[in-house]
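Working notes for the structure below.
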There are 2 protein chains.
Amino acid sequence: MTALTNRTRGRRAVTDHGSIERAAFRLFEAQGFDETTMEQIAESVGVGRRTLFRYFPSKNDIPWGQFDQSLRDFAEQLASVPADVPVFEAVHRCVVAFNDYDKEALAQHRIRMRLILETPTLQAHSVLRYAAWRGVIEDYVARRLDLGSESLLPRLAGHISLALAISSYEQWLLKPDSDLPGILRQELYELRSYLQ
Amino acid sequence: MTALTNRTRGRRAVTDHGSIERAAFRLFEAQGFDETTMEQIAESVGVGRRTLFRYFPSKNDIPWGQFDQSLRDFAEQLASVPADVPVFEAVHRCVVAFNDYDKEALAQHRIRMRLILETPTLQAHSVLRYAAWRGVIEDYVARRLDLGSESLLPRLAGHISLALAISSYEQWLLKPDSDLPGILRQELYELRSYLQ
DNA sequence: TATCTTTTTGGCGCTGAGTGCCATTATTCT
DNA sequence: AGAATAATGGCACTCAGCGCCAAAAAGATA
């Protein structure tokens, strides 16, 4: 399905992240995450168990797929916001854009996020991914406001954006036809009135 | 150190949660959390490895000690706030009270929270504990505002309080002599101005 | 005192994630 | 053809966690 082109030396890779991800998701949906072993995924991909661990550092990382790449895009998006947009507004705008998927991608995204947010093992592991995401926001806020790394506000901004995002995702997963960017905006509105 | 009184039938317990916790913390501080095995803790307590798992469901649960009890207290505190106090104010007040320790307890609390917040393995596991804590807030907010379980606001309130709390803990751990309740209040103030 | 009942203990053996080591295999370069 | 390079995957290991069960230790009863 995916081209395994490799124009350098050495043996060609037998698989790729995408193939592993697809095979794994098939098993996760059929049997559940905890009930699926790396052995089974390896067999399904047609590869050794040992090889799987060269593509993904852990079983918990498989559902996150290409998140690192998305993070780089997120950081770029932030960097490109005009300096006259208020900091909070800039962050919010990019968070909304970060979670705006087109229709086909949306179905897959829903499956992915349901798995991540409804499997306790993955909920736990996700903190480490969330930390990286918060880090992007912290860096941006600190840069924009010219604050040091021990400052309170950038970290707070990261935590608050994450709280809004997760809360929105929970809501989105509850309602099959709801619109994620819309929920994000609504949550922000609710937060403002909740705090008076 | 702790009385192992047991006035019912059967064999007396050889240990208790407190003893295990103390032995474990000694090892965690000396060697680090990930480098300490359940085998070593068992040996240090003078008990079989299998027995440890009867007192704590997992190694990750040891640093959390008596958290379940604290949660019950937290819920009671919330329930006892007069109904004329605004919901958000009530939550905030109880969160501050929940994190107000006296001087001796504070030193131990600092060690505990440093371990939990600075060990990636524990950061991850903690989500499950945080979820229970958020649940208490969700229930309270939903009850006060007479909202159903699918409502947006109670969940959002839980996430936001957690974000404020964790952000405050991070700040508290950075400054050796800072005052946790004070930081919590300051974070709230900052949040309000950040959102305009 | 001897036996019964209840409760905790802890040993044994298993599964499954994750890791270090290294020989094997596939591929390009000279 | 042979050297260099890179991916594979088998092997053996550590450790968390769990089900099972026999042994130990205590009070209760006769």
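Identifiers for the structure tokens are assigned positionally: chains receive A, B, ... in sequence, residues are indexed from 1 per chain, and ligands are indexed from 1 in the order shown.
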For this session: Show which residues sit within 12 Å of His125 (chain B), as a PyMOL selection string. Count only C-alpha atoms (C1' of nucleotides), and ignore same-chain residues fewer than 3 positions away.
Result: (chain A and resi 120-128) or (chain B and resi 58-64+116-117+119-122+128-131)
Just the residues within 8 Å of region 92-98 of chain A, please, counting only C-alpha atoms (C1' of nucleotides), with nothing from its chain fewer than 6 positions along; format it as a PDB file with N, CA, C and O atoms, in the first residue's frame.
```
ATOM      1  N   PHE A  74       2.034  22.307  14.483  1.00  0.00           N
ATOM      2  CA  PHE A  74       1.372  23.142  15.479  1.00  0.00           C
ATOM      3  C   PHE A  74       2.281  24.313  15.867  1.00  0.00           C
ATOM      4  O   PHE A  74       1.845  25.476  15.897  1.00  0.00           O
ATOM      5  N   GLN A  77       2.437  26.826  13.025  1.00  0.00           N
ATOM      6  CA  GLN A  77       1.195  27.595  13.004  1.00  0.00           C
ATOM      7  C   GLN A  77       1.250  28.741  13.992  1.00  0.00           C
ATOM      8  O   GLN A  77       0.946  29.885  13.665  1.00  0.00           O
ATOM      9  N   LEU A  78       1.651  28.411  15.220  1.00  0.00           N
ATOM     10  CA  LEU A  78       1.738  29.431  16.260  1.00  0.00           C
ATOM     11  C   LEU A  78       2.708  30.530  15.855  1.00  0.00           C
ATOM     12  O   LEU A  78       2.406  31.722  15.966  1.00  0.00           O
ATOM     13  N   SER A 161      -5.087  25.271  28.171  1.00  0.00           N
ATOM     14  CA  SER A 161      -5.439  24.873  26.807  1.00  0.00           C
ATOM     15  C   SER A 161      -5.681  23.371  26.732  1.00  0.00           C
ATOM     16  O   SER A 161      -6.607  22.909  26.065  1.00  0.00           O
ATOM     17  N   ALA A 165      -9.025  21.423  25.681  1.00  0.00           N
ATOM     18  CA  ALA A 165      -9.004  20.479  24.565  1.00  0.00           C
ATOM     19  C   ALA A 165      -9.547  19.115  24.981  1.00  0.00           C
ATOM     20  O   ALA A 165     -10.408  18.541  24.294  1.00  0.00           O
ATOM     21  N   PRO A 181     -14.242  21.871  16.392  1.00  0.00           N
ATOM     22  CA  PRO A 181     -13.857  23.284  16.576  1.00  0.00           C
ATOM     23  C   PRO A 181     -14.953  24.091  17.256  1.00  0.00           C
ATOM     24  O   PRO A 181     -14.671  24.939  18.103  1.00  0.00           O
ATOM     25  N   LEU A 184     -14.876  23.447  20.942  1.00  0.00           N
ATOM     26  CA  LEU A 184     -13.747  24.149  21.564  1.00  0.00           C
ATOM     27  C   LEU A 184     -14.104  25.599  21.864  1.00  0.00           C
ATOM     28  O   LEU A 184     -13.808  26.114  22.938  1.00  0.00           O
ATOM     29  N   ARG A 185     -14.752  26.241  20.894  1.00  0.00           N
ATOM     30  CA  ARG A 185     -15.127  27.638  21.106  1.00  0.00           C
ATOM     31  C   ARG A 185     -16.171  27.761  22.207  1.00  0.00           C
ATOM     32  O   ARG A 185     -16.109  28.652  23.051  1.00  0.00           O
TER      33      ARG A 185
END
```
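If you count only C-alpha atoms (C1' of nucleotides) and ignore residues fewer than 5 places along the chain from DC14 (chain C), what sits within 12 Å of it is D:DG17, D:DC18, D:DG19, D:DC20.
Here the question is which of A:Asp84, A:Glu118, A:Asp179, A:Glu39 gets nearest to chain C using only C-alpha atoms (C1' of nucleotides), and that residue is A:Glu39.
Counting only C-alpha atoms, the residue from B:Leu173, B:Ile160, B:Leu52, B:Val81 that sits nearest to chain A is B:Ile160.
In this model, the gap between CA of Tyr55 (chain B) and CA of Arg72 (chain B) comes to 19.5 Å.
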For this session: For DA28 (chain D), list every protein, DNA or RNA residue within 10 Å, evaluated using only C-alpha atoms (C1' of nucleotides), and leave out those in the same chain fewer than 4 positions away; present the list as a count of residues only.
Result: 4
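Any residue of chain B with an atom within 8 Å of chain A counts; using only C-alpha atoms, that gives B:Phe88, B:Pro120, B:Gln123, B:Ala124, B:His125, B:Ser126, B:Val127, B:Leu128, B:Glu150, B:Leu152, B:Leu153, B:Arg155, B:Leu156, B:Ala157, B:His159, B:Ile160, B:Ala163, B:Leu164, B:Ser167, B:Gln171, B:Leu174, B:Glu187, B:Glu190, B:Leu191, B:Arg192, B:Tyr194, B:Leu195.
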Exercise. Using only C-alpha atoms, which residue out of A:Leu180, A:Met113, A:Ala83, A:Leu106 lies closest to Arg144 (chain A)?
Worked result: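 Comparing A:Leu180, A:Met113, A:Ala83, A:Leu106 against Arg144 (chain A), the winner is A:Ala83.
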Problem set entry | Test item: chain D residues at most 7 Å from chain B, counting only C-alpha atoms (C1' of nucleotides), as a PyMOL selection string | chain D and resi 25-27
For this session: Using backbone DSSP assignments, extract all helix (DSSP H, G or I) residues from region 56-184 of chain B; output them as a PyMOL selection string.
Result: chain B and resi 59-64+67-79+87-98+103-118+120-145+152-174+180-184
For this session: Pick out the chain C residues within 7 Å of chain A. Count only C-alpha atoms (C1' of nucleotides). Give them as a ChimeraX atom specification.
Result: /C:26-28
